[in-house]
Each structure stands twice: as structure tokens, then as C-alpha cells.
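Just below is one structure, and these are the notes that go with it.
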Amino acid sequence: MPELPEVETVRRSLLPVVIDKEIQEVEIFLEKAVRPIAPEELKLALIGRKIEDLLRRGKYLIFILDNSQRVAFHLRMTGKLLYKAGLSAPEKHTTLILSFSDGNSLHFVDPRKFGTVVLYEPANPPAGLKKLGPEPVADKKEVVLFSLKTAASRRKGPIKGLLLDQTVIAGLGNIYADETLFRAGVHPTCPAREITAQEWERIYQSIQEILTKAINHRGTTRQDYVDGRGEPGEYQNYLNVYGRKEESCLVCGGTINYTRVAGRGTHYCPNCQPLKKV
DNA sequence: GAACCCCTGGTT
DNA sequence: AACCAGGGGTTC
């Protein structure tokens with residue numbers, strides 16, 4: 001599942017090969033992925049444009065075109081953006097292909113068909129992008145902590161749900177939310193409004209350390225995720241709790257629990273992440 | 001703010 | 001054959 005470190009890795013892998021490329025052809029195989037305009041409109045808008053930059057915001061990848069319009073891709077769970085050298089036939093589940101005038105192309109492949117492509121003007125970003133909370137690593141600590149604490153004071157639900165809320169903090173998904181709470185020693189069902197100042201500090205630090213390390217290891221590959229060159233990541237070798245149901249905790253030797261929190265499968269160590277007594 | 005939905009492939 | 005994975009939009 002591409003979360004912030006995976007999307008950032010895709011960005012870094014694609015940037016050198018797409019920059020200054022001219023889009024010569026656009027093939028759309030899954031029309032419902034294109035929003036909010038008709039697929040034909042997207043083709044007309046893109047053909048002849050050059051890519052000037054590639055940015056990331058939360059889990060969105062954003063192509064900046066030479067007329068200042070932007071194209072945002074969201075990979076959702078199984079989306080892949082693959083750079084292909086030379087002529088290459090679309091593989092199964094290809095949503096869209098951008099072909100460049102140099103003969104190479106970019107394939108958006110997405111088995112689950114949840115991924116989206118949005119064309120927009122900088123002044124009118126799509127709602128999901130506009131509503132995103134702060135960038136956990138790039139934004140200032142006080143901005144990130146203020147967003148977390150403010151949201152926490154207004155809601156009843158568990159801390160895990162808060163970390164997954166993209167309008168509160170951008171880019172964490174199920175893997176990194178579980179890993180963050182383990183590292184911070186906070187139980188995932190702890191009500192967000194009961195998190196102490198000391199715990200907020202640990203949660204913030206854990207987010208920094210985990211996301212930075214995950215980016216350095218080029219993301220987590222479990223089933224689907226690969227970067228723009230088709231390369232898997234390595235951070236799966238550093239996971240402490242995610243996907244380790246019933247296995248022993250690498251810190252205390254206890255057993256990793258698996259339960260459902262905020263609608264998501266949730267992994268935690270009951271010993272390292274104790275529930276606070278009231 | 002929870003429940004449901006979108007989807008397919010892998011697992012039970 | 002049924003069930004599960006889960007990001008985010010929609011709906012209640």
C-alpha cells in the first residue's frame with residue numbers, strides 16, 4: 001500500500017526520467033479513474049505539454065505541466081506508476097499510458113482500479129488534496145503537533161484513527177500508523193484526547209524517525225508496491241509490528257496482537273504499548 | 001464519525 | 001465459495 005515513503009520513492013525514481021519530457025500521446029483504458037473531466041478532455045489538455053516538475057503532497061504525486069496546470073495521481077492501494085523504456089505493450093490492469101516524444105512512456109497500472117488521475121489548475125486543487133493536513137516531515141514541528149493536538153481535543157476516537165486521518169496529518173497509512181504507535185509505546189485504542197504531552201512528543205519523534213528511515217530504504221514492499229523503475233523497497237525488513245500478528249515482539253519477546261481499530265487491521269505489542277489505567 | 005462502497009487477487 | 005486486504009469518498 002503506497003503511503004508517504006512509497007509515494008516519495010516513486011517520485012524520486014521518476015523525477016529524473018520524466019523531467020522536461022513532452023507528452024505525445026495519452027491512452028486511457030479505465031475512464032472512471034479520470035476526474036473530474038471527461039477522458040477526452042484530459043487527452044486534449046495533456047498532449048503537447050511538457051513536464052516541468054514532479055512533487056508529492058501526502059500520498060498524491062503531482063506532475064507540474066509547462067502551462068502551470070497540474071495532474072495529480074493517487075495510487076490508493078495497488079496503483080503503480082511505471083516508467084517503460086521504448087515500445088512496451090500495456091500489462092494487465094493498465095489504467096492509462098502517457099507516451100513521451102522520446103519514445104518512452106509512463107504506465108499507470110492498478111489491479112484494484114481505485115487509483116485516480118485529476119487534472120486541475122493550481123488555484124483549484126481537488127478536495128482531497130486541498131484538505132490535507134501538514135506534511136509530517138517537511139513541515140515545522142509546531143505545525144504538525146498543533147494539528148494533531150487540536151484534532152485530538154475535538155474527537156472521542158482512538159489515536160490510531162487520528163493518525164490515519166489525512167486532514168490531520170498527511171501521508172500515514174495503516175503500516176506506518178501501527179509502526180509509529182509501537183515506537184512511541186502508545187496503545188492504538190488509547191483515546192486521542194487522553195494522549196499526554198510526553199506521548200505526543202514520542203509520537204512526533206517516532207513519525208520523524210520511521211518515515212525518514214522508510215524513505216531511505218525506499219518504502220515497504222509486501223505484495224504490490226514497486227517504485228517507478230519496478231524496484232521493490234526494503235523497509236519490510238525493519239517492521240516491528242505490522243504484518244507480525246502472533247509473532248514475537250523484537251523488543252520484549254511478547255506476542256504481537258492483532259485487532260480491529262478505526263476499521264483497520266491493527267498490530268501492536270500489549271507489553272510495549274500498555275493501556276493506561278484510569 | 002461510523003458504515004458502506006469501490007475492486008481484484010490471494011488466502012482460508 | 002466466502003472472505004479479507006485497505007485509502008478515501010459518500011452517506012447516513
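Identifiers in the C-alpha cells: chain A, B, ... in order shown; residue index from 1 per chain; ligand index from 1 in order shown.
For DA3 (chain B), the set of protein, DNA and RNA residues having any atom at most 12 Å away, when counting only C-alpha atoms (C1' of nucleotides) and skipping those fewer than 5 positions along the same chain, is Ala262 and Gly263 of chain A; DT10, DT11 and DC12 of chain C.
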Using the selection just defined, write its residues with all heavy atoms as a short mmCIF file (atom, residue, chain, number, x, y, z; two decimals), in the first residue's frame.
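The resulting file, result.cif, is reproduced below:
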data_model
loop_
_atom_site.label_atom_id
_atom_site.label_comp_id
_atom_site.auth_asym_id
_atom_site.auth_seq_id
_atom_site.Cartn_x
_atom_site.Cartn_y
_atom_site.Cartn_z
N ALA A 262 -10.43 1.54 14.42
CA ALA A 262 -10.77 2.54 13.41
C ALA A 262 -10.97 1.87 12.04
O ALA A 262 -10.61 2.41 11.01
CB ALA A 262 -9.68 3.62 13.33
N GLY A 263 -11.55 0.68 12.08
CA GLY A 263 -11.88 -0.01 10.84
C GLY A 263 -10.71 -0.65 10.13
O GLY A 263 -10.87 -1.12 9.00
P DT C 10 -17.24 12.55 -2.85
OP1 DT C 10 -17.68 12.97 -4.18
OP2 DT C 10 -16.85 13.55 -1.83
"O5'" DT C 10 -18.35 11.58 -2.23
"C5'" DT C 10 -18.69 10.39 -2.92
"C4'" DT C 10 -19.75 9.64 -2.12
"O4'" DT C 10 -19.15 9.04 -0.95
"C3'" DT C 10 -20.91 10.51 -1.61
"O3'" DT C 10 -22.12 9.86 -1.96
"C2'" DT C 10 -20.69 10.56 -0.10
"C1'" DT C 10 -20.00 9.23 0.16
N1 DT C 10 -19.15 9.16 1.38
C2 DT C 10 -19.33 8.12 2.27
O2 DT C 10 -20.17 7.27 2.12
N3 DT C 10 -18.48 8.15 3.34
C4 DT C 10 -17.50 9.06 3.63
O4 DT C 10 -16.81 8.98 4.63
C5 DT C 10 -17.37 10.12 2.65
C7 DT C 10 -16.34 11.19 2.86
C6 DT C 10 -18.18 10.14 1.59
P DT C 11 -23.51 10.60 -1.79
OP1 DT C 11 -24.34 10.28 -2.97
OP2 DT C 11 -23.28 12.01 -1.41
"O5'" DT C 11 -24.12 9.84 -0.53
"C5'" DT C 11 -24.09 8.41 -0.47
"C4'" DT C 11 -24.53 7.96 0.92
"O4'" DT C 11 -23.40 8.06 1.82
"C3'" DT C 11 -25.64 8.84 1.51
"O3'" DT C 11 -26.68 8.01 1.98
"C2'" DT C 11 -24.95 9.57 2.66
"C1'" DT C 11 -23.85 8.60 3.05
N1 DT C 11 -22.69 9.25 3.72
C2 DT C 11 -22.15 8.61 4.81
O2 DT C 11 -22.57 7.58 5.26
N3 DT C 11 -21.07 9.27 5.36
C4 DT C 11 -20.51 10.46 4.94
O4 DT C 11 -19.55 10.94 5.52
C5 DT C 11 -21.14 11.07 3.78
C7 DT C 11 -20.60 12.35 3.25
C6 DT C 11 -22.18 10.43 3.24
P DC C 12 -28.17 8.65 2.10
OP1 DC C 12 -29.09 7.78 1.34
OP2 DC C 12 -28.08 10.10 1.80
"O5'" DC C 12 -28.48 8.46 3.65
"C5'" DC C 12 -28.50 7.15 4.20
"C4'" DC C 12 -27.75 7.13 5.53
"O4'" DC C 12 -26.58 7.94 5.46
"C3'" DC C 12 -28.56 7.66 6.70
"O3'" DC C 12 -28.96 6.57 7.51
"C2'" DC C 12 -27.61 8.59 7.45
"C1'" DC C 12 -26.27 8.33 6.77
N1 DC C 12 -25.37 9.52 6.74
C2 DC C 12 -24.30 9.58 7.63
O2 DC C 12 -24.15 8.67 8.47
N3 DC C 12 -23.47 10.65 7.59
C4 DC C 12 -23.65 11.61 6.69
N4 DC C 12 -22.79 12.62 6.68
C5 DC C 12 -24.72 11.56 5.77
C6 DC C 12 -25.55 10.50 5.80
#
All strand (DSSP E) positions in region 24-130 of chain A, as number ranges by chain:
A: 24-28, 34-35, 51-57, 60-65, 70-74, 80-84, 94-100, 105-109, 116-120
Write out, as JSON lines, each residue of chain A that has an atom at most 9 Å from chain C, together with the closest pair of atoms and their distance in Å to one decimal, counting only C-alpha atoms (C1' of nucleotides), rows going by chain and rising number.
{"residue": "A:Met1", "atom": "CA", "partner": "C:DG6", "partner_atom": "C1'", "distance": 8.1}
{"residue": "A:Leu75", "atom": "CA", "partner": "C:DG7", "partner_atom": "C1'", "distance": 9.0}
{"residue": "A:Arg76", "atom": "CA", "partner": "C:DG7", "partner_atom": "C1'", "distance": 5.4}
{"residue": "A:Met77", "atom": "CA", "partner": "C:DG7", "partner_atom": "C1'", "distance": 6.7}
{"residue": "A:Phe114", "atom": "CA", "partner": "C:DG7", "partner_atom": "C1'", "distance": 8.6}
{"residue": "A:Gly128", "atom": "CA", "partner": "C:DG8", "partner_atom": "C1'", "distance": 8.2}
{"residue": "A:Gly173", "atom": "CA", "partner": "C:DG7", "partner_atom": "C1'", "distance": 7.9}
{"residue": "A:Asn174", "atom": "CA", "partner": "C:DG6", "partner_atom": "C1'", "distance": 8.0}
{"residue": "A:Arg264", "atom": "CA", "partner": "C:DG6", "partner_atom": "C1'", "distance": 7.3}
{"residue": "A:Gly265", "atom": "CA", "partner": "C:DA5", "partner_atom": "C1'", "distance": 8.8}
Given only C-alpha atoms (C1' of nucleotides), how would the per-residue table for chain A near chain B read, listing every residue at most 12 Å away with its closest atom pair and distance in Å to one decimal, sorted by chain and number, as CSV?
residue,atom,partner,partner_atom,distance
A:Lys32,CA,B:DC6,C1',11.1
A:Ala33,CA,B:DC6,C1',11.4
A:Arg76,CA,B:DC6,C1',11.2
A:Met77,CA,B:DC7,C1',10.3
A:Thr78,CA,B:DT8,C1',9.7
A:Gly79,CA,B:DC7,C1',11.9
A:Lys92,CA,B:DT8,C1',11.7
A:His93,CA,B:DT8,C1',9.8
A:Asp110,CA,B:DT8,C1',9.6
A:Pro111,CA,B:DT8,C1',6.1
A:Arg112,CA,B:DC7,C1',4.5
A:Lys113,CA,B:DC7,C1',5.9
A:Phe114,CA,B:DC6,C1',6.8
A:Gly115,CA,B:DC6,C1',10.3
A:Thr116,CA,B:DC6,C1',12.0
A:Arg154,CA,B:DG1,C1',11.6
A:Arg155,CA,B:DG1,C1',8.9
A:Lys156,CA,B:DG1,C1',9.1
A:Gly157,CA,B:DG1,C1',8.4
A:Pro158,CA,B:DG1,C1',11.5
A:Gly161,CA,B:DG1,C1',10.3
A:Leu162,CA,B:DG1,C1',11.4
A:Asp165,CA,B:DG1,C1',11.5
A:Gln223,CA,B:DG10,C1',9.7
A:Asp224,CA,B:DG9,C1',10.6
A:Val261,CA,B:DA2,C1',11.8
A:Ala262,CA,B:DA2,C1',8.8
A:Gly263,CA,B:DA2,C1',8.9
Write out the residues from the selection above, keeping C-alpha atoms, as a short mmCIF file (atom, residue, chain, number, x, y, z; two decimals), in the first residue's frame.
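Generated output (part_6.cif):
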data_model
loop_
_atom_site.label_atom_id
_atom_site.label_comp_id
_atom_site.auth_asym_id
_atom_site.auth_seq_id
_atom_site.Cartn_x
_atom_site.Cartn_y
_atom_site.Cartn_z
CA LYS A 32 -13.66 6.22 -14.33
CA ALA A 33 -10.15 6.80 -12.99
CA ARG A 76 -4.67 4.14 -3.47
CA MET A 77 -3.87 0.50 -2.59
CA THR A 78 -2.46 -1.17 -5.67
CA GLY A 79 -1.63 1.62 -8.11
CA LYS A 92 -2.93 -6.36 -17.41
CA HIS A 93 -4.87 -3.73 -15.41
CA ASP A 110 -3.81 -0.58 -10.94
CA PRO A 111 -5.37 -4.04 -10.40
CA ARG A 112 -7.91 -2.85 -7.85
CA LYS A 113 -8.93 0.10 -10.04
CA PHE A 114 -9.15 2.50 -7.07
CA GLY A 115 -6.44 4.88 -8.24
CA THR A 116 -7.34 8.28 -9.69
CA ARG A 154 -12.13 17.53 19.41
CA ARG A 155 -12.63 13.86 18.92
CA LYS A 156 -13.52 10.87 21.00
CA GLY A 157 -11.96 8.15 18.89
CA PRO A 158 -8.69 6.24 19.22
CA GLY A 161 -7.83 6.82 13.73
CA LEU A 162 -6.37 10.29 14.19
CA ASP A 165 -6.93 10.97 9.08
CA GLN A 223 2.72 -7.65 -2.23
CA ASP A 224 2.26 -4.96 -4.81
CA VAL A 261 -9.19 -0.32 15.36
CA ALA A 262 -10.77 2.54 13.41
CA GLY A 263 -11.88 -0.01 10.84
#
List every residue of region 19-71 of chain A that DSSP, applied to the backbone of this structure, assigns to helix (DSSP H, G or I), and report them as a ChimeraX atom specification.
/A:31-33,39-46
Keeping only N, CA, C and O atoms, write the selected residues to a file as a JSON list (two decimals), in the first residue's frame.
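Result file is again_19.json:
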[["chain", "number", "residue", "atom", "x", "y", "z"],
["A", 31, "GLU", "N", -11.81, 4.65, -17.84],
["A", 31, "GLU", "CA", -12.30, 6.03, -17.88],
["A", 31, "GLU", "C", -12.67, 6.57, -16.51],
["A", 31, "GLU", "O", -12.48, 7.75, -16.23],
["A", 32, "LYS", "N", -13.19, 5.71, -15.62],
["A", 32, "LYS", "CA", -13.66, 6.22, -14.33],
["A", 32, "LYS", "C", -12.50, 6.68, -13.44],
["A", 32, "LYS", "O", -12.73, 7.35, -12.43],
["A", 33, "ALA", "N", -11.28, 6.34, -13.79],
["A", 33, "ALA", "CA", -10.15, 6.80, -12.99],
["A", 33, "ALA", "C", -9.86, 8.28, -13.23],
["A", 33, "ALA", "O", -9.19, 8.92, -12.43],
["A", 39, "PRO", "N", -12.43, 11.87, -20.15],
["A", 39, "PRO", "CA", -11.13, 11.38, -20.60],
["A", 39, "PRO", "C", -10.62, 12.10, -21.84],
["A", 39, "PRO", "O", -9.42, 12.38, -21.93],
["A", 40, "GLU", "N", -11.52, 12.41, -22.77],
["A", 40, "GLU", "CA", -11.10, 13.11, -23.98],
["A", 40, "GLU", "C", -10.51, 14.48, -23.65],
["A", 40, "GLU", "O", -9.56, 14.93, -24.28],
["A", 41, "GLU", "N", -11.10, 15.13, -22.67],
["A", 41, "GLU", "CA", -10.59, 16.45, -22.24],
["A", 41, "GLU", "C", -9.19, 16.33, -21.67],
["A", 41, "GLU", "O", -8.34, 17.20, -21.89],
["A", 42, "LEU", "N", -8.96, 15.25, -20.91],
["A", 42, "LEU", "CA", -7.63, 15.05, -20.33],
["A", 42, "LEU", "C", -6.60, 14.87, -21.45],
["A", 42, "LEU", "O", -5.52, 15.47, -21.42],
["A", 43, "LYS", "N", -6.97, 14.07, -22.44],
["A", 43, "LYS", "CA", -6.05, 13.87, -23.57],
["A", 43, "LYS", "C", -5.71, 15.20, -24.23],
["A", 43, "LYS", "O", -4.54, 15.52, -24.46],
["A", 44, "LEU", "N", -6.76, 15.97, -24.53],
["A", 44, "LEU", "CA", -6.54, 17.26, -25.20],
["A", 44, "LEU", "C", -5.64, 18.17, -24.37],
["A", 44, "LEU", "O", -4.78, 18.87, -24.90],
["A", 45, "ALA", "N", -5.86, 18.14, -23.05],
["A", 45, "ALA", "CA", -5.09, 19.02, -22.17],
["A", 45, "ALA", "C", -3.62, 18.60, -22.09],
["A", 45, "ALA", "O", -2.74, 19.45, -21.94],
["A", 46, "LEU", "N", -3.36, 17.30, -22.16],
["A", 46, "LEU", "CA", -2.01, 16.81, -21.91],
["A", 46, "LEU", "C", -1.12, 16.75, -23.15],
["A", 46, "LEU", "O", 0.09, 16.97, -23.07]]
